[in-house]
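Okay, structure first, notes after.
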Amino acid sequence: MNLRPLHRTFVAEATAVDLRDPPVRDIVDAMDRHAVLVFPGRELSEAEQITFARRFGPLDLGLKKVLQRPGRHQFEETIDISNVNASGNIADPESKKMYSQLANQLWHSDSSFQDPPARYSMLLSLVNPPQGGETEFADLRAAYDALPEAAKREIEGLRAQHYALHSRIELGDTEWTEAQKKAIAPVEWPLVRTHAGSGRKLLFVGVHATHIVGMHLGQGRLLLAELLEHATQREFVYRHAWRAGDLVMWDNRCVLHRGRRYDLSQRRELRRVTTEDSPA
Ligand SMILES: [Fe+2]
């Protein structure tokens, strides 16, 4: 496997590697170092993508546990990142499906609202709109390292609560049944975590975080907003412009990501499979 850095602190392009017979140890080592790997020009079928992902751990269903709507895919574990509905047409802008696409445009770590959260997400690009629709990644380890010492001391030991529907409700998608609201109980994570693969500290923020436990609500939310703003400064961000066939794999334990705005009447289709961050 050849690796070529695409950013100053993280992200590498990985070539000369067979994802149908992957060198799992080498990929995990590269992920621990670079946090995001771009595998260009992949023509994996859905089944092959699932098989590849399973090599890295049990698969995560995330919000599918709440939404429970009919999908377009063969496997339950395939997450449809598209603006296409079950009949293959562009989804209604008012539909829940489209709200999911909008929520993806807020900075987040996949499934940080549950325990176990997500470890690796593997997203394969199929169809891209003519403009926009890129995905950005933010390096939470570099962001932590760059915090002033006083800020590091201030946030050490603080915990944030993460909730599955927080970003949806914030965007105006407020119609949920009591059962859906309770399907995934909120979880707490420390603001400062240690990345198991590298031993480096990181700043664990993102839009699923609702408040800081034990802190005044408004002050806690402002602190979360300030830390998110810090972590997503341009120097910590890599923007990926998709080419059909790109498979991008990222480590949700130490990066945030977001999709970028695009014309929702233009087709955008990607397919994600994600592993749980459960103990090996
Ligand atoms: Fe995501």
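Within each chain, counting starts at residue 1; across the structure tokens, chains are named A, B, ... in the order shown, with ligands numbered 1 upward in that order.
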May I ask you to write as number ranges by chain all residues lying at most 12 Å from ligand 1, with only C-alpha atoms and all ligand atoms counted?
-> A: 62-63, 79-82, 100-113, 118-123, 135-137, 167, 206-208, 248-252, 255-260, 270-274
Near region 148-162 of chain A, within 7 Å and counting only C-alpha atoms, which residues show up once chain neighbours fewer than 5 positions away are dropped, as a PDB file with all heavy atoms, in the first residue's frame?
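part01.pdb was written with the following content:
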```pdb
ATOM      1  N   SER A 112     -21.949   9.575  17.527  1.00  0.00           N
ATOM      2  CA  SER A 112     -21.392   9.951  18.842  1.00  0.00           C
ATOM      3  C   SER A 112     -22.499  10.033  19.892  1.00  0.00           C
ATOM      4  O   SER A 112     -22.227  10.179  21.081  1.00  0.00           O
ATOM      5  CB  SER A 112     -20.648  11.297  18.766  1.00  0.00           C
ATOM      6  OG  SER A 112     -21.553  12.387  18.685  1.00  0.00           O
ATOM      7  N   PHE A 113     -23.747   9.899  19.437  1.00  0.00           N
ATOM      8  CA  PHE A 113     -24.909   9.955  20.336  1.00  0.00           C
ATOM      9  C   PHE A 113     -25.266   8.601  20.946  1.00  0.00           C
ATOM     10  O   PHE A 113     -26.319   8.448  21.553  1.00  0.00           O
ATOM     11  CB  PHE A 113     -26.118  10.518  19.581  1.00  0.00           C
ATOM     12  CG  PHE A 113     -26.328   9.875  18.223  1.00  0.00           C
ATOM     13  CD1 PHE A 113     -26.773   8.575  18.118  1.00  0.00           C
ATOM     14  CD2 PHE A 113     -26.050  10.572  17.066  1.00  0.00           C
ATOM     15  CE1 PHE A 113     -26.943   7.967  16.888  1.00  0.00           C
ATOM     16  CE2 PHE A 113     -26.221   9.982  15.820  1.00  0.00           C
ATOM     17  CZ  PHE A 113     -26.670   8.675  15.734  1.00  0.00           C
ATOM     18  N   PRO A 186     -29.560   9.455  25.477  1.00  0.00           N
ATOM     19  CA  PRO A 186     -28.376  10.324  25.405  1.00  0.00           C
ATOM     20  C   PRO A 186     -27.176   9.682  26.114  1.00  0.00           C
ATOM     21  O   PRO A 186     -27.358   8.889  27.040  1.00  0.00           O
ATOM     22  CB  PRO A 186     -28.808  11.591  26.145  1.00  0.00           C
ATOM     23  CG  PRO A 186     -30.292  11.552  26.186  1.00  0.00           C
ATOM     24  CD  PRO A 186     -30.685  10.107  26.168  1.00  0.00           C
ATOM     25  N   VAL A 187     -25.983  10.032  25.657  1.00  0.00           N
ATOM     26  CA  VAL A 187     -24.768   9.517  26.291  1.00  0.00           C
ATOM     27  C   VAL A 187     -23.837  10.687  26.604  1.00  0.00           C
ATOM     28  O   VAL A 187     -23.965  11.758  26.019  1.00  0.00           O
ATOM     29  CB  VAL A 187     -24.011   8.511  25.390  1.00  0.00           C
ATOM     30  CG1 VAL A 187     -24.773   7.209  25.280  1.00  0.00           C
ATOM     31  CG2 VAL A 187     -23.715   9.087  24.018  1.00  0.00           C
ATOM     32  N   GLU A 188     -22.925  10.445  27.528  1.00  0.00           N
ATOM     33  CA  GLU A 188     -21.951  11.477  27.894  1.00  0.00           C
ATOM     34  C   GLU A 188     -20.553  11.034  27.467  1.00  0.00           C
ATOM     35  O   GLU A 188     -20.193   9.880  27.668  1.00  0.00           O
ATOM     36  CB  GLU A 188     -21.920  11.659  29.418  1.00  0.00           C
ATOM     37  CG  GLU A 188     -23.154  12.313  29.986  1.00  0.00           C
ATOM     38  CD  GLU A 188     -23.088  12.392  31.511  1.00  0.00           C
ATOM     39  OE1 GLU A 188     -21.988  12.212  32.091  1.00  0.00           O
ATOM     40  OE2 GLU A 188     -24.151  12.628  32.124  1.00  0.00           O
ATOM     41  N   TRP A 189     -19.787  12.001  26.896  1.00  0.00           N
ATOM     42  CA  TRP A 189     -18.383  11.739  26.577  1.00  0.00           C
ATOM     43  C   TRP A 189     -17.541  12.890  27.115  1.00  0.00           C
ATOM     44  O   TRP A 189     -17.968  14.046  27.058  1.00  0.00           O
ATOM     45  CB  TRP A 189     -18.170  11.644  25.055  1.00  0.00           C
ATOM     46  CG  TRP A 189     -18.969  10.576  24.385  1.00  0.00           C
ATOM     47  CD1 TRP A 189     -19.941  10.760  23.453  1.00  0.00           C
ATOM     48  CD2 TRP A 189     -18.871   9.159  24.578  1.00  0.00           C
ATOM     49  NE1 TRP A 189     -20.461   9.549  23.051  1.00  0.00           N
ATOM     50  CE2 TRP A 189     -19.829   8.553  23.730  1.00  0.00           C
ATOM     51  CE3 TRP A 189     -18.080   8.346  25.385  1.00  0.00           C
ATOM     52  CZ2 TRP A 189     -20.013   7.174  23.670  1.00  0.00           C
ATOM     53  CZ3 TRP A 189     -18.262   6.967  25.322  1.00  0.00           C
ATOM     54  CH2 TRP A 189     -19.209   6.400  24.469  1.00  0.00           C
ATOM     55  N   PRO A 190     -16.330  12.567  27.567  1.00  0.00           N
ATOM     56  CA  PRO A 190     -15.434  13.652  27.992  1.00  0.00           C
ATOM     57  C   PRO A 190     -15.112  14.568  26.802  1.00  0.00           C
ATOM     58  O   PRO A 190     -15.020  14.091  25.672  1.00  0.00           O
ATOM     59  CB  PRO A 190     -14.175  12.916  28.443  1.00  0.00           C
ATOM     60  CG  PRO A 190     -14.581  11.492  28.654  1.00  0.00           C
ATOM     61  CD  PRO A 190     -15.727  11.238  27.738  1.00  0.00           C
ATOM     62  N   LEU A 191     -14.937  15.844  27.057  1.00  0.00           N
ATOM     63  CA  LEU A 191     -14.517  16.775  25.994  1.00  0.00           C
ATOM     64  C   LEU A 191     -13.107  16.450  25.515  1.00  0.00           C
ATOM     65  O   LEU A 191     -12.792  16.627  24.352  1.00  0.00           O
ATOM     66  CB  LEU A 191     -14.525  18.218  26.519  1.00  0.00           C
ATOM     67  CG  LEU A 191     -15.849  18.961  26.537  1.00  0.00           C
ATOM     68  CD1 LEU A 191     -15.611  20.378  27.048  1.00  0.00           C
ATOM     69  CD2 LEU A 191     -16.471  19.014  25.154  1.00  0.00           C
ATOM     70  N   VAL A 192     -12.292  15.996  26.458  1.00  0.00           N
ATOM     71  CA  VAL A 192     -10.927  15.613  26.099  1.00  0.00           C
ATOM     72  C   VAL A 192     -10.832  14.095  26.186  1.00  0.00           C
ATOM     73  O   VAL A 192     -11.050  13.519  27.257  1.00  0.00           O
ATOM     74  CB  VAL A 192      -9.887  16.257  27.037  1.00  0.00           C
ATOM     75  CG1 VAL A 192      -8.481  15.829  26.644  1.00  0.00           C
ATOM     76  CG2 VAL A 192     -10.024  17.772  27.025  1.00  0.00           C
ATOM     77  N   HIS A 208     -23.749  16.829  17.703  1.00  0.00           N
ATOM     78  CA  HIS A 208     -24.598  15.965  18.524  1.00  0.00           C
ATOM     79  C   HIS A 208     -24.520  16.334  20.004  1.00  0.00           C
ATOM     80  O   HIS A 208     -25.348  15.902  20.798  1.00  0.00           O
ATOM     81  CB  HIS A 208     -24.226  14.485  18.343  1.00  0.00           C
ATOM     82  CG  HIS A 208     -24.395  13.994  16.933  1.00  0.00           C
ATOM     83  ND1 HIS A 208     -25.518  14.274  16.195  1.00  0.00           N
ATOM     84  CD2 HIS A 208     -23.594  13.245  16.134  1.00  0.00           C
ATOM     85  CE1 HIS A 208     -25.398  13.717  14.987  1.00  0.00           C
ATOM     86  NE2 HIS A 208     -24.243  13.098  14.927  1.00  0.00           N
ATOM     87  N   ALA A 209     -23.509  17.130  20.381  1.00  0.00           N
ATOM     88  CA  ALA A 209     -23.351  17.541  21.790  1.00  0.00           C
ATOM     89  C   ALA A 209     -24.401  18.595  22.128  1.00  0.00           C
ATOM     90  O   ALA A 209     -24.488  19.634  21.482  1.00  0.00           O
ATOM     91  CB  ALA A 209     -21.942  18.088  22.022  1.00  0.00           C
ATOM     92  N   THR A 210     -25.209  18.321  23.143  1.00  0.00           N
ATOM     93  CA  THR A 210     -26.306  19.221  23.501  1.00  0.00           C
ATOM     94  C   THR A 210     -25.915  20.216  24.589  1.00  0.00           C
ATOM     95  O   THR A 210     -26.347  21.351  24.573  1.00  0.00           O
ATOM     96  CB  THR A 210     -27.514  18.426  24.027  1.00  0.00           C
ATOM     97  OG1 THR A 210     -27.070  17.635  25.141  1.00  0.00           O
ATOM     98  CG2 THR A 210     -28.082  17.519  22.951  1.00  0.00           C
ATOM     99  N   HIS A 211     -25.126  19.767  25.555  1.00  0.00           N
ATOM    100  CA  HIS A 211     -24.740  20.645  26.662  1.00  0.00           C
ATOM    101  C   HIS A 211     -23.589  20.019  27.442  1.00  0.00           C
ATOM    102  O   HIS A 211     -23.257  18.848  27.221  1.00  0.00           O
ATOM    103  CB  HIS A 211     -25.933  20.893  27.602  1.00  0.00           C
ATOM    104  CG  HIS A 211     -26.440  19.664  28.290  1.00  0.00           C
ATOM    105  ND1 HIS A 211     -27.323  18.793  27.707  1.00  0.00           N
ATOM    106  CD2 HIS A 211     -26.173  19.147  29.530  1.00  0.00           C
ATOM    107  CE1 HIS A 211     -27.588  17.798  28.557  1.00  0.00           C
ATOM    108  NE2 HIS A 211     -26.908  17.993  29.658  1.00  0.00           N
ATOM    109  N   ILE A 212     -23.015  20.822  28.325  1.00  0.00           N
ATOM    110  CA  ILE A 212     -21.942  20.307  29.179  1.00  0.00           C
ATOM    111  C   ILE A 212     -22.546  19.942  30.530  1.00  0.00           C
ATOM    112  O   ILE A 212     -23.274  20.750  31.134  1.00  0.00           O
ATOM    113  CB  ILE A 212     -20.801  21.325  29.302  1.00  0.00           C
ATOM    114  CG1 ILE A 212     -20.159  21.461  27.906  1.00  0.00           C
ATOM    115  CG2 ILE A 212     -19.775  20.881  30.336  1.00  0.00           C
ATOM    116  CD1 ILE A 212     -19.010  22.386  27.830  1.00  0.00           C
ATOM    117  N   VAL A 213     -22.281  18.740  30.947  1.00  0.00           N
ATOM    118  CA  VAL A 213     -22.902  18.200  32.153  1.00  0.00           C
ATOM    119  C   VAL A 213     -22.478  19.020  33.373  1.00  0.00           C
ATOM    120  O   VAL A 213     -21.281  19.254  33.584  1.00  0.00           O
ATOM    121  CB  VAL A 213     -22.494  16.716  32.344  1.00  0.00           C
ATOM    122  CG1 VAL A 213     -23.129  16.135  33.598  1.00  0.00           C
ATOM    123  CG2 VAL A 213     -22.885  15.910  31.105  1.00  0.00           C
TER     124      VAL A 213
END
```
Check the DSSP output for the backbone and give back, as a count of residues only, the residues of region 37-132 of chain A in helix (DSSP H, G or I).
-> 21
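Across A:Lys97, A:His230, A:Arg25, A:Arg193, the tightest approach to Lys64 (chain A) is made by A:Lys97 when counting only C-alpha atoms.
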Gly57 (chain A) surroundings by only C-alpha atoms, 10 Å radius, close-in-sequence under 4 positions cut, as a ChimeraX atom specification = /A:52-53,119-120,274-280
Could you take the residues named above and write them with N, CA, C and O atoms, as a compact mmCIF listing (two decimals), in the first residue's frame?
```txt
# COMPACT_ATOMS: atom_id res chain seq x y z
N PHE A 52 -15.71 -5.71 3.27
CA PHE A 52 -14.52 -4.93 3.62
C PHE A 52 -14.68 -4.34 5.03
O PHE A 52 -13.81 -4.49 5.89
N ALA A 53 -15.83 -3.70 5.27
CA ALA A 53 -16.03 -3.02 6.56
C ALA A 53 -16.00 -4.01 7.72
O ALA A 53 -15.42 -3.73 8.77
N ARG A 119 -16.63 3.79 15.10
CA ARG A 119 -15.18 3.91 14.91
C ARG A 119 -14.91 4.34 13.46
O ARG A 119 -14.83 5.50 13.17
N TYR A 120 -14.90 3.40 12.53
CA TYR A 120 -14.59 3.77 11.14
C TYR A 120 -15.86 3.92 10.30
O TYR A 120 -16.74 3.05 10.34
N THR A 274 -20.39 1.55 8.42
CA THR A 274 -19.67 2.07 9.58
C THR A 274 -19.49 0.96 10.62
O THR A 274 -20.38 0.14 10.81
N THR A 275 -18.34 0.98 11.28
CA THR A 275 -18.11 0.00 12.34
C THR A 275 -18.33 0.64 13.71
O THR A 275 -18.21 1.85 13.86
N GLU A 276 -18.65 -0.20 14.67
CA GLU A 276 -18.81 0.26 16.05
C GLU A 276 -17.46 0.38 16.72
O GLU A 276 -16.55 -0.42 16.46
N ASP A 277 -17.37 1.33 17.65
CA ASP A 277 -16.15 1.45 18.45
C ASP A 277 -16.29 0.57 19.69
O ASP A 277 -16.34 1.06 20.82
N SER A 278 -16.39 -0.73 19.46
CA SER A 278 -16.53 -1.63 20.60
C SER A 278 -15.15 -2.23 20.89
O SER A 278 -14.30 -2.30 20.01
N PRO A 279 -14.93 -2.65 22.14
CA PRO A 279 -13.62 -3.20 22.48
C PRO A 279 -13.29 -4.40 21.59
O PRO A 279 -14.17 -5.19 21.28
N ALA A 280 -12.04 -4.49 21.16
CA ALA A 280 -11.62 -5.56 20.24
C ALA A 280 -11.68 -6.92 20.93
O ALA A 280 -11.53 -7.01 22.12
```
Residues near Trp176 (chain A), cut-off 12 Å, only C-alpha atoms, skip fewer than 2 positions along chain, as a PDB file with N, CA, C and O atoms, in the first residue's frame:
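around39.pdb written:
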```pdb
ATOM      1  N   VAL A  66     -33.667   4.557  14.755  1.00  0.00           N
ATOM      2  CA  VAL A  66     -34.765   5.477  15.051  1.00  0.00           C
ATOM      3  C   VAL A  66     -35.679   5.622  13.837  1.00  0.00           C
ATOM      4  O   VAL A  66     -36.896   5.599  13.954  1.00  0.00           O
ATOM      5  N   LEU A  67     -35.072   5.791  12.682  1.00  0.00           N
ATOM      6  CA  LEU A  67     -35.832   6.166  11.485  1.00  0.00           C
ATOM      7  C   LEU A  67     -36.681   5.014  10.958  1.00  0.00           C
ATOM      8  O   LEU A  67     -37.844   5.192  10.616  1.00  0.00           O
ATOM      9  N   LYS A  96     -38.302  13.549   5.625  1.00  0.00           N
ATOM     10  CA  LYS A  96     -37.300  13.228   6.657  1.00  0.00           C
ATOM     11  C   LYS A  96     -35.972  12.893   5.991  1.00  0.00           C
ATOM     12  O   LYS A  96     -34.907  13.207   6.508  1.00  0.00           O
ATOM     13  N   ALA A 164     -29.126  11.904  19.860  1.00  0.00           N
ATOM     14  CA  ALA A 164     -29.290  11.529  18.450  1.00  0.00           C
ATOM     15  C   ALA A 164     -30.097  12.532  17.630  1.00  0.00           C
ATOM     16  O   ALA A 164     -29.814  12.742  16.451  1.00  0.00           O
ATOM     17  N   LEU A 165     -31.124  13.130  18.223  1.00  0.00           N
ATOM     18  CA  LEU A 165     -32.028  13.969  17.429  1.00  0.00           C
ATOM     19  C   LEU A 165     -31.720  15.459  17.546  1.00  0.00           C
ATOM     20  O   LEU A 165     -32.420  16.289  16.970  1.00  0.00           O
ATOM     21  N   HIS A 166     -30.664  15.790  18.308  1.00  0.00           N
ATOM     22  CA  HIS A 166     -30.365  17.206  18.566  1.00  0.00           C
ATOM     23  C   HIS A 166     -30.204  18.013  17.276  1.00  0.00           C
ATOM     24  O   HIS A 166     -30.805  19.075  17.108  1.00  0.00           O
ATOM     25  N   ARG A 168     -31.221  17.323  14.246  1.00  0.00           N
ATOM     26  CA  ARG A 168     -32.463  17.343  13.446  1.00  0.00           C
ATOM     27  C   ARG A 168     -33.423  18.390  13.994  1.00  0.00           C
ATOM     28  O   ARG A 168     -34.015  19.169  13.258  1.00  0.00           O
ATOM     29  N   ILE A 169     -33.564  18.384  15.319  1.00  0.00           N
ATOM     30  CA  ILE A 169     -34.499  19.308  15.959  1.00  0.00           C
ATOM     31  C   ILE A 169     -34.029  20.751  15.716  1.00  0.00           C
ATOM     32  O   ILE A 169     -34.821  21.629  15.393  1.00  0.00           O
ATOM     33  N   GLY A 172     -35.139  22.060  12.511  1.00  0.00           N
ATOM     34  CA  GLY A 172     -36.578  22.233  12.317  1.00  0.00           C
ATOM     35  C   GLY A 172     -37.320  20.934  12.080  1.00  0.00           C
ATOM     36  O   GLY A 172     -38.523  20.933  11.843  1.00  0.00           O
ATOM     37  N   ASP A 173     -36.621  19.819  12.138  1.00  0.00           N
ATOM     38  CA  ASP A 173     -37.253  18.505  11.975  1.00  0.00           C
ATOM     39  C   ASP A 173     -37.689  18.037  13.370  1.00  0.00           C
ATOM     40  O   ASP A 173     -36.983  17.285  14.038  1.00  0.00           O
ATOM     41  N   THR A 174     -38.858  18.519  13.798  1.00  0.00           N
ATOM     42  CA  THR A 174     -39.241  18.350  15.204  1.00  0.00           C
ATOM     43  C   THR A 174     -40.294  17.260  15.427  1.00  0.00           C
ATOM     44  O   THR A 174     -40.666  16.993  16.563  1.00  0.00           O
ATOM     45  N   GLU A 178     -42.769   9.669  20.691  1.00  0.00           N
ATOM     46  CA  GLU A 178     -42.088   9.446  21.973  1.00  0.00           C
ATOM     47  C   GLU A 178     -41.138   8.253  21.870  1.00  0.00           C
ATOM     48  O   GLU A 178     -40.032   8.277  22.414  1.00  0.00           O
ATOM     49  N   ALA A 179     -41.581   7.221  21.146  1.00  0.00           N
ATOM     50  CA  ALA A 179     -40.742   6.023  21.002  1.00  0.00           C
ATOM     51  C   ALA A 179     -39.453   6.363  20.241  1.00  0.00           C
ATOM     52  O   ALA A 179     -38.363   5.891  20.605  1.00  0.00           O
ATOM     53  N   GLN A 180     -39.570   7.190  19.207  1.00  0.00           N
ATOM     54  CA  GLN A 180     -38.367   7.580  18.445  1.00  0.00           C
ATOM     55  C   GLN A 180     -37.429   8.422  19.300  1.00  0.00           C
ATOM     56  O   GLN A 180     -36.214   8.251  19.266  1.00  0.00           O
ATOM     57  N   LYS A 181     -38.029   9.333  20.101  1.00  0.00           N
ATOM     58  CA  LYS A 181     -37.190  10.195  20.946  1.00  0.00           C
ATOM     59  C   LYS A 181     -36.390   9.381  21.956  1.00  0.00           C
ATOM     60  O   LYS A 181     -35.303   9.765  22.366  1.00  0.00           O
ATOM     61  N   LYS A 182     -37.004   8.261  22.363  1.00  0.00           N
ATOM     62  CA  LYS A 182     -36.347   7.465  23.412  1.00  0.00           C
ATOM     63  C   LYS A 182     -35.551   6.289  22.861  1.00  0.00           C
ATOM     64  O   LYS A 182     -34.928   5.541  23.630  1.00  0.00           O
ATOM     65  N   ALA A 183     -35.597   6.093  21.546  1.00  0.00           N
ATOM     66  CA  ALA A 183     -34.958   4.895  20.960  1.00  0.00           C
ATOM     67  C   ALA A 183     -33.468   4.838  21.266  1.00  0.00           C
ATOM     68  O   ALA A 183     -32.904   3.772  21.471  1.00  0.00           O
TER      69      ALA A 183
END
```
Could you pull out the residues in region 119-263 of chain A that DSSP calls strand (DSSP E) from the backbone, as a PDB file with C-alpha atoms, in the first residue's frame?
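File part-v8.pdb, as written:
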```
ATOM      1  CA  ARG A 119     -15.177   3.906  14.909  1.00  0.00           C
ATOM      2  CA  TYR A 120     -14.595   3.771  11.139  1.00  0.00           C
ATOM      3  CA  SER A 121     -16.951   5.095   8.482  1.00  0.00           C
ATOM      4  CA  MET A 122     -16.362   4.020   4.887  1.00  0.00           C
ATOM      5  CA  LEU A 123     -18.120   6.169   2.334  1.00  0.00           C
ATOM      6  CA  LEU A 124     -18.175   5.312  -1.370  1.00  0.00           C
ATOM      7  CA  SER A 125     -19.095   7.937  -3.938  1.00  0.00           C
ATOM      8  CA  LEU A 126     -21.461   6.883  -6.743  1.00  0.00           C
ATOM      9  CA  VAL A 127     -23.011  10.041  -8.269  1.00  0.00           C
ATOM     10  CA  THR A 135     -17.079  16.431   2.360  1.00  0.00           C
ATOM     11  CA  GLU A 136     -14.836  18.201   4.862  1.00  0.00           C
ATOM     12  CA  PHE A 137     -12.882  16.615   7.701  1.00  0.00           C
ATOM     13  CA  ALA A 138     -11.462  18.308  10.810  1.00  0.00           C
ATOM     14  CA  ASP A 139      -8.458  16.973  12.749  1.00  0.00           C
ATOM     15  CA  ARG A 159     -18.220  15.992  29.905  1.00  0.00           C
ATOM     16  CA  ALA A 160     -20.714  16.743  27.142  1.00  0.00           C
ATOM     17  CA  GLN A 161     -24.034  15.006  26.601  1.00  0.00           C
ATOM     18  CA  HIS A 162     -24.735  13.842  23.026  1.00  0.00           C
ATOM     19  CA  VAL A 187     -24.768   9.517  26.291  1.00  0.00           C
ATOM     20  CA  GLU A 188     -21.951  11.477  27.894  1.00  0.00           C
ATOM     21  CA  TRP A 189     -18.383  11.739  26.577  1.00  0.00           C
ATOM     22  CA  PRO A 190     -15.434  13.652  27.992  1.00  0.00           C
ATOM     23  CA  VAL A 192     -10.927  15.613  26.099  1.00  0.00           C
ATOM     24  CA  ARG A 193     -10.466  12.011  25.062  1.00  0.00           C
ATOM     25  CA  THR A 194      -7.431   9.882  24.306  1.00  0.00           C
ATOM     26  CA  LYS A 201      -5.423  13.542  23.138  1.00  0.00           C
ATOM     27  CA  LEU A 202      -8.238  15.093  21.135  1.00  0.00           C
ATOM     28  CA  LEU A 203     -11.061  17.572  21.477  1.00  0.00           C
ATOM     29  CA  ALA A 209     -23.351  17.541  21.790  1.00  0.00           C
ATOM     30  CA  THR A 210     -26.306  19.221  23.501  1.00  0.00           C
ATOM     31  CA  HIS A 211     -24.740  20.645  26.662  1.00  0.00           C
ATOM     32  CA  ILE A 212     -21.942  20.307  29.179  1.00  0.00           C
ATOM     33  CA  VAL A 237      -9.652  21.015   7.788  1.00  0.00           C
ATOM     34  CA  TYR A 238      -9.277  18.916   4.640  1.00  0.00           C
ATOM     35  CA  ARG A 239     -11.925  19.242   1.933  1.00  0.00           C
ATOM     36  CA  HIS A 240     -12.566  16.222  -0.290  1.00  0.00           C
ATOM     37  CA  LEU A 247     -13.882   5.344  -1.055  1.00  0.00           C
ATOM     38  CA  VAL A 248     -13.015   7.494   1.954  1.00  0.00           C
ATOM     39  CA  MET A 249     -12.473   5.886   5.336  1.00  0.00           C
ATOM     40  CA  TRP A 250     -12.293   8.027   8.479  1.00  0.00           C
ATOM     41  CA  ASP A 251     -11.849   7.499  12.195  1.00  0.00           C
ATOM     42  CA  VAL A 255     -12.109  13.567  13.228  1.00  0.00           C
ATOM     43  CA  LEU A 256     -15.306  15.487  12.573  1.00  0.00           C
ATOM     44  CA  HIS A 257     -16.862  15.699   9.137  1.00  0.00           C
ATOM     45  CA  ARG A 258     -19.621  17.501   7.275  1.00  0.00           C
ATOM     46  CA  GLY A 259     -21.030  17.491   3.759  1.00  0.00           C
TER      47      GLY A 259
END
```
